[in-house]
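What follows is protein.txt (compact mmCIF, C-alpha atoms).
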```
# COMPACT_ATOMS: atom_id res chain seq x y z
CA TYR A 1 -70.52 15.58 61.99
CA PHE A 2 -74.17 15.92 62.95
CA ALA A 3 -73.21 16.84 66.53
CA ASP A 4 -70.64 19.33 65.23
CA GLY A 5 -73.32 20.91 63.07
CA ILE A 6 -75.74 21.31 65.94
CA THR A 7 -72.95 22.81 68.06
CA GLU A 8 -72.03 25.32 65.39
CA GLU A 9 -75.63 26.34 64.77
CA ILE A 10 -76.13 27.01 68.50
CA LEU A 11 -72.96 29.14 68.46
CA ASN A 12 -74.21 31.02 65.40
CA SER A 13 -77.61 31.67 66.96
CA LEU A 14 -76.16 32.97 70.23
CA ALA A 15 -73.65 35.13 68.36
CA GLN A 16 -76.56 37.11 66.89
CA LEU A 17 -77.25 38.58 70.34
CA PRO A 18 -75.17 41.72 71.03
CA ASP A 19 -75.62 41.13 74.78
CA LEU A 20 -73.44 38.01 74.58
CA LEU A 21 -69.80 37.54 73.66
CA VAL A 22 -69.60 34.07 72.13
CA THR A 23 -66.36 32.18 71.56
CA ALA A 24 -65.54 31.45 67.92
CA ARG A 25 -66.05 27.97 66.49
CA THR A 26 -62.34 27.26 66.10
CA SER A 27 -61.59 28.07 69.74
CA ALA A 28 -64.53 26.11 71.12
CA PHE A 29 -63.92 23.06 68.92
CA ALA A 30 -60.32 22.84 70.13
CA PHE A 31 -61.71 21.06 73.22
CA LYS A 32 -63.69 18.52 71.20
CA GLY A 33 -63.16 15.00 72.54
CA MET A 34 -60.99 16.22 75.43
CA ASP A 35 -61.65 15.54 79.10
CA VAL A 36 -60.84 19.01 80.44
CA PRO A 37 -62.45 20.50 83.59
CA ILE A 38 -64.98 23.24 82.90
CA PRO A 39 -63.05 25.91 84.89
CA GLU A 40 -59.93 25.22 82.81
CA ILE A 41 -61.87 25.46 79.54
CA ALA A 42 -63.44 28.73 80.68
CA ALA A 43 -60.06 30.14 81.71
CA GLN A 44 -58.46 29.30 78.37
CA LEU A 45 -61.38 30.75 76.41
CA GLY A 46 -61.84 33.75 78.69
CA VAL A 47 -65.54 33.08 79.29
CA ALA A 48 -67.78 33.05 82.35
CA ASN A 49 -70.11 30.25 81.24
CA VAL A 50 -69.79 27.07 79.21
CA VAL A 51 -72.43 25.13 77.25
CA GLU A 52 -71.75 21.41 76.93
CA GLY A 53 -73.82 18.49 75.78
CA SER A 54 -74.10 15.31 73.77
CA VAL A 55 -75.97 13.92 70.78
CA ARG A 56 -76.98 10.28 70.45
CA ARG A 57 -78.67 8.82 67.37
CA SER A 58 -80.64 5.62 67.03
CA GLY A 59 -82.13 5.28 63.58
CA ASP A 60 -84.24 8.38 63.03
CA ARG A 61 -84.36 9.25 66.73
CA LEU A 62 -82.15 11.78 68.48
CA ARG A 63 -81.40 12.34 72.13
CA VAL A 64 -79.80 15.74 72.65
CA THR A 65 -78.60 16.77 76.10
CA ALA A 66 -77.41 20.29 76.82
CA GLN A 67 -76.42 22.16 79.95
CA LEU A 68 -75.23 25.65 80.77
CA ILE A 69 -72.58 25.74 83.50
CA ARG A 70 -71.24 28.72 85.41
CA ALA A 71 -67.48 28.21 85.35
CA GLU A 72 -66.78 30.05 88.61
CA ASP A 73 -68.44 27.43 90.81
CA GLY A 74 -69.60 24.67 88.43
CA PHE A 75 -73.26 25.50 89.14
CA HIS A 76 -75.77 24.39 86.50
CA LEU A 77 -77.76 27.40 85.35
CA TRP A 78 -79.89 25.28 83.01
CA SER A 79 -80.02 21.75 81.61
CA GLU A 80 -82.45 19.74 79.52
CA THR A 81 -82.73 16.55 77.45
CA TYR A 82 -84.61 16.40 74.15
CA ASP A 83 -85.91 13.24 72.46
CA ARG A 84 -86.80 14.11 68.88
CA SER A 85 -86.68 12.85 65.31
CA ALA A 86 -83.65 13.74 63.20
CA ALA A 87 -85.88 15.94 61.05
CA ASP A 88 -86.67 18.06 64.12
CA SER A 89 -83.02 18.66 65.04
CA PHE A 90 -83.18 22.24 63.82
CA GLY A 91 -86.01 22.99 66.20
CA VAL A 92 -83.92 21.53 69.04
CA GLN A 93 -80.91 23.73 68.35
CA ASP A 94 -83.11 26.83 68.19
CA GLU A 95 -84.70 25.92 71.50
CA ILE A 96 -81.35 25.27 73.17
CA ALA A 97 -79.98 28.62 72.02
CA GLU A 98 -83.08 30.42 73.25
CA LYS A 99 -83.03 28.64 76.64
CA VAL A 100 -79.33 29.45 77.11
CA ALA A 101 -79.96 33.11 76.31
CA GLY A 102 -82.87 33.18 78.74
CA ALA A 103 -80.79 31.59 81.50
CA LEU A 104 -78.21 34.36 81.00
CA ASN A 105 -80.96 36.99 81.39
CA VAL A 106 -80.91 38.11 77.77
CA VAL A 107 -84.27 39.57 76.80
CA LEU A 108 -85.52 37.93 73.60
CA ASP A 109 -88.13 39.98 71.80
CA THR A 110 -89.74 38.87 68.52
CA GLU A 111 -87.12 40.65 66.43
CA ARG A 112 -84.20 39.00 68.18
CA LEU A 113 -85.80 35.57 68.02
CA GLU A 114 -86.29 35.95 64.28
CA ARG A 115 -82.67 37.01 63.91
CA MET A 116 -81.46 33.93 65.82
CA ARG A 117 -83.65 31.56 63.82
CA SER A 118 -82.65 33.00 60.45
CA VAL A 119 -78.96 32.04 60.54
CA GLY A 120 -77.22 28.85 59.51
CA LEU A 121 -78.32 25.86 57.47
CA ARG A 122 -81.69 24.14 57.59
CA ASN A 123 -80.95 21.37 55.10
CA PRO A 124 -79.65 18.18 56.82
CA GLU A 125 -77.54 17.06 53.84
CA ALA A 126 -75.93 20.48 53.47
CA PHE A 127 -75.58 20.64 57.24
CA ILE A 128 -73.40 17.50 57.38
CA ALA A 129 -71.49 18.23 54.15
CA TYR A 130 -70.45 21.64 55.49
CA GLN A 131 -69.11 20.08 58.69
CA LYS A 132 -67.02 17.66 56.64
CA GLY A 133 -65.75 20.51 54.48
CA ALA A 134 -64.94 22.66 57.50
CA GLU A 135 -63.04 19.78 59.12
CA ALA A 136 -60.97 19.15 55.97
CA THR A 137 -60.24 22.89 55.69
CA ALA A 138 -59.06 23.04 59.31
CA GLN A 139 -56.85 19.99 58.83
CA ALA A 140 -55.32 21.54 55.72
CA HIS A 141 -54.27 24.64 57.64
CA GLU A 142 -52.81 22.59 60.48
CA ASP A 143 -50.73 20.35 58.21
CA ARG A 144 -48.54 22.00 55.57
CA PRO A 145 -47.62 18.83 53.60
CA GLY A 146 -50.41 18.01 51.19
CA GLN A 147 -52.26 21.21 52.09
CA ASN A 148 -53.68 21.85 48.62
CA GLU A 149 -54.82 18.25 48.30
CA LYS A 150 -56.74 18.51 51.60
CA LEU A 151 -58.33 21.78 50.48
CA LEU A 152 -59.41 20.09 47.26
CA ILE A 153 -61.12 17.37 49.35
CA ALA A 154 -62.79 20.13 51.37
CA ASN A 155 -64.09 21.72 48.16
CA GLN A 156 -65.74 18.48 47.12
CA PHE A 157 -67.92 18.70 50.23
CA LEU A 158 -68.40 22.45 49.82
CA ASP A 159 -69.61 21.90 46.25
CA GLN A 160 -72.41 19.78 47.73
CA VAL A 161 -73.29 22.56 50.17
CA ILE A 162 -73.38 25.22 47.45
CA ALA A 163 -75.55 23.03 45.21
CA LEU A 164 -78.06 22.51 48.04
CA GLU A 165 -77.86 25.96 49.69
CA PRO A 166 -76.55 28.53 47.17
CA ASP A 167 -77.12 31.44 49.57
CA PHE A 168 -74.97 30.02 52.38
CA SER A 169 -72.12 32.53 52.23
CA ALA A 170 -69.64 30.73 54.52
CA ALA A 171 -69.27 27.90 51.99
CA TYR A 172 -67.94 30.31 49.35
CA PHE A 173 -65.29 31.69 51.70
CA ASP A 174 -63.80 28.25 52.37
CA HIS A 175 -64.25 27.22 48.72
CA GLY A 176 -62.23 30.20 47.49
CA ASP A 177 -59.47 29.44 49.98
CA TYR A 178 -58.32 26.50 47.85
CA TYR A 179 -57.79 28.68 44.79
CA MET A 180 -55.95 31.34 46.79
CA HIS A 181 -53.54 28.66 48.03
CA LEU A 182 -52.96 27.62 44.42
CA VAL A 183 -52.04 31.21 43.59
CA ILE A 184 -49.77 31.61 46.62
CA SER A 185 -47.94 28.34 45.94
CA ALA A 186 -47.87 28.73 42.13
CA ARG A 187 -44.12 29.34 41.86
CA GLU A 188 -43.29 26.60 44.35
CA LEU A 189 -45.40 24.10 42.39
CA GLY A 190 -44.09 25.23 39.02
CA ARG A 191 -47.48 26.32 37.69
CA THR A 192 -47.75 28.26 34.44
CA ASP A 193 -49.01 31.84 34.27
CA GLU A 194 -52.21 30.57 32.65
CA GLU A 195 -52.87 28.10 35.50
CA THR A 196 -52.22 30.80 38.09
CA ALA A 197 -54.51 33.25 36.31
CA LEU A 198 -57.29 30.64 36.21
CA ALA A 199 -56.90 29.96 39.95
CA MET A 200 -57.10 33.70 40.65
CA LYS A 201 -60.22 33.98 38.48
CA LEU A 202 -61.93 31.12 40.36
CA ALA A 203 -60.98 32.60 43.74
CA HIS A 204 -62.37 35.97 42.63
CA ARG A 205 -65.61 34.28 41.54
CA ASP A 206 -66.07 32.64 44.94
CA PHE A 207 -65.36 35.83 46.89
CA GLU A 208 -67.65 37.89 44.65
CA THR A 209 -70.44 35.37 45.30
CA LEU A 210 -69.62 35.51 49.01
CA LEU A 211 -69.96 39.29 49.01
CA ALA A 212 -73.25 39.11 47.15
CA ALA A 213 -74.66 36.61 49.64
CA SER A 214 -73.36 38.64 52.59
CA GLU A 215 -74.91 41.82 51.20
CA ARG A 216 -78.35 40.33 51.75
CA LEU A 217 -77.59 40.04 55.47
CA LYS A 218 -76.32 43.59 56.01
CA ALA A 219 -79.74 45.13 56.49
CA GLN A 220 -80.49 42.61 59.25
CA VAL A 221 -77.13 43.12 60.95
CA ALA A 222 -77.53 46.91 60.91
CA GLU A 223 -80.69 46.60 63.00
CA PHE A 224 -78.67 45.49 66.03
CA PRO A 225 -76.62 48.18 67.83
CA GLY A 226 -73.04 47.16 68.52
CA VAL A 227 -72.91 44.48 65.82
CA THR A 228 -70.50 45.20 62.96
CA ASP A 229 -69.84 43.65 59.57
```

What is this structure when it is put down as structure tokens?
Amino acid sequence: YFADGITEEILNSLAQLPDLLVTARTSAFAFKGMDVPIPEIAAQLGVANVVEGSVRRSGDRLRVTAQLIRAEDGFHLWSETYDRSAADSFGVQDEIAEKVAGALNVVLDTERLERMRSVGLRNPEAFIAYQKGAEATAQAHEDRPGQNEKLLIANQFLDQVIALEPDFSAAYFDHGDYYMHLVISARELGRTDEETALAMKLAHRDFETLLAASERLKAQVAEFPGVTD
């Protein structure tokens, strides 16, 4: 989960740069744990370059390896290994994202660097809890039987995220998904009108909170030409 978190934060940071088109988390994570050649991954994702790496932990120490590979010929455009403490993992992911952008000839001025460093989670406990919640949410959507039960498990992790990082808008989106599924499946599950209304109310609460948190980011997003809501 820690490695997944670092991966997602690097994706989020790079996605803040309008010069780059970055594959979505779901698409990139589809290759997790698979031994697939880089050119094949690039072809399936429709990208010119691929970032890959590994995370190893020993106690409080981390060894993070990352490399940027040009899919056309397998040439390494950049690679580096970082030996840091777990507490410094956020600095590592920022540095990796910045080095990747530099290797792809993206000019990083002070404003863009600040934008990249402002996204995502900076709390290790929330960081890992969100990965667990995201995994449970993905599994729920892949497996129809027991879907609501899996989403409820996801919400238990998302509750931890929200308690630690109440301004992290993505957590509210996934959290509200559970209640929307309760509404959609209300007739199938034989729920009363009162139970359905309560589920709708809770979903509305989560999405209203999501919108409020997202509103605080709009001013920043508007500063970058070509980036939309």

Problem set entry | Pick from A:Leu104, A:Ala134, A:Leu113, A:Ala199, whichever lies nearest to A:His76 using all atoms listed in the file |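 Closest candidate: A:Leu104.
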
Just the residues within 12 Å of A:Ser85, please, counting all atoms listed in the file, with nothing from its chain fewer than 6 positions along; format it as a short mmCIF file (atom, residue, chain, number, x, y, z; two decimals) with C-alpha atoms, in the coordinates of the input.
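Output below, filename around.cif:
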```cif
data_model
loop_
_atom_site.label_atom_id
_atom_site.label_comp_id
_atom_site.auth_asym_id
_atom_site.auth_seq_id
_atom_site.Cartn_x
_atom_site.Cartn_y
_atom_site.Cartn_z
CA ARG A 56 -76.98 10.28 70.45
CA ARG A 57 -78.67 8.82 67.37
CA SER A 58 -80.64 5.62 67.03
CA GLY A 59 -82.13 5.28 63.58
CA ASP A 60 -84.24 8.38 63.03
CA ARG A 61 -84.36 9.25 66.73
CA LEU A 62 -82.15 11.78 68.48
CA ARG A 63 -81.40 12.34 72.13
CA VAL A 64 -79.80 15.74 72.65
CA GLY A 91 -86.01 22.99 66.20
CA VAL A 92 -83.92 21.53 69.04
#
```

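Proximity to A:Ala129 was assessed for A:Leu158, A:Leu108, A:Ile38, A:Ala87 counting all atoms listed in the file; the smallest distance is recorded for A:Leu158.
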
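Between atom CA of A:Ile128 and atom CA of A:Val22 the separation is 22.5 Å.
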
For this session: Go through A:Ala126, A:Gly146, A:Asp177, A:Gly190 and flag the residue nearest A:Gln160, using all atoms listed in the file for the distances.
Result: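 Of all the options, A:Ala126 lies closest to A:Gln160.
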
Exercise. When distances are computed from only C-alpha atoms, which of A:Ile184, A:Ala71, A:Ala203, A:Ala66 shows the smallest separation from A:Glu40?
Worked result: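 Checking each of A:Ile184, A:Ala71, A:Ala203, A:Ala66 against A:Glu40, counting only C-alpha atoms, the winner is A:Ala71.
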
Problem set entry | Among the residues A:Asp83, A:Glu135, A:Leu14, A:Thr26, the one that comes closest to A:Ile96 [using all atoms listed in the file] |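 The closest residue to A:Ile96 is A:Leu14.
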
Problem set entry | Among listed residues A:Gly176, A:Gly33, A:Pro166, A:Pro39, nearest A:Lys201 (using all atoms listed in the file) |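 Of A:Gly176, A:Gly33, A:Pro166, A:Pro39, the one nearest A:Lys201, counting all atoms listed in the file, is A:Gly176.
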
Exercise. If you count only C-alpha atoms, which residues fall within 10 Å of A:Leu202, apart from same-chain ones fewer than 2 positions away, as a ChimeraX atom specification?
Worked result: /A:175-176,178-180,196-200,204-208

Using 3 Å of padding on each side, determine the axis-aligned box around all atoms of stretch 138-147 of chain A present in the file and give its centre and edge lengths in Å to one decimal, as JSON.
```
{"center_x": -53.3, "center_y": 21.3, "center_z": 55.8, "size_x": 17.4, "size_y": 12.6, "size_z": 15.3}
```

For this session: Grab the atom CA of A:Val36 to atom CA of A:Ile6 distance for me, in Å with one decimal place.
Result: 20.9 Å

Can you tell me, as a CSV table (one decimal) with C-alpha atoms, in the frame of the given file, what residues are no more than 12 Å from A:Gln139 when counting only C-alpha atoms, ignoring any on the same chain fewer than 4 positions away?
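Output below, filename selection10.csv:
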```
chain,number,residue,atom,x,y,z
A,26,THR,CA,-62.3,27.3,66.1
A,132,LYS,CA,-67.0,17.7,56.6
A,133,GLY,CA,-65.8,20.5,54.5
A,134,ALA,CA,-64.9,22.7,57.5
A,135,GLU,CA,-63.0,19.8,59.1
A,143,ASP,CA,-50.7,20.4,58.2
A,144,ARG,CA,-48.5,22.0,55.6
A,145,PRO,CA,-47.6,18.8,53.6
A,146,GLY,CA,-50.4,18.0,51.2
A,147,GLN,CA,-52.3,21.2,52.1
A,148,ASN,CA,-53.7,21.8,48.6
A,149,GLU,CA,-54.8,18.2,48.3
A,150,LYS,CA,-56.7,18.5,51.6
A,151,LEU,CA,-58.3,21.8,50.5
A,152,LEU,CA,-59.4,20.1,47.3
A,153,ILE,CA,-61.1,17.4,49.4
A,154,ALA,CA,-62.8,20.1,51.4
```
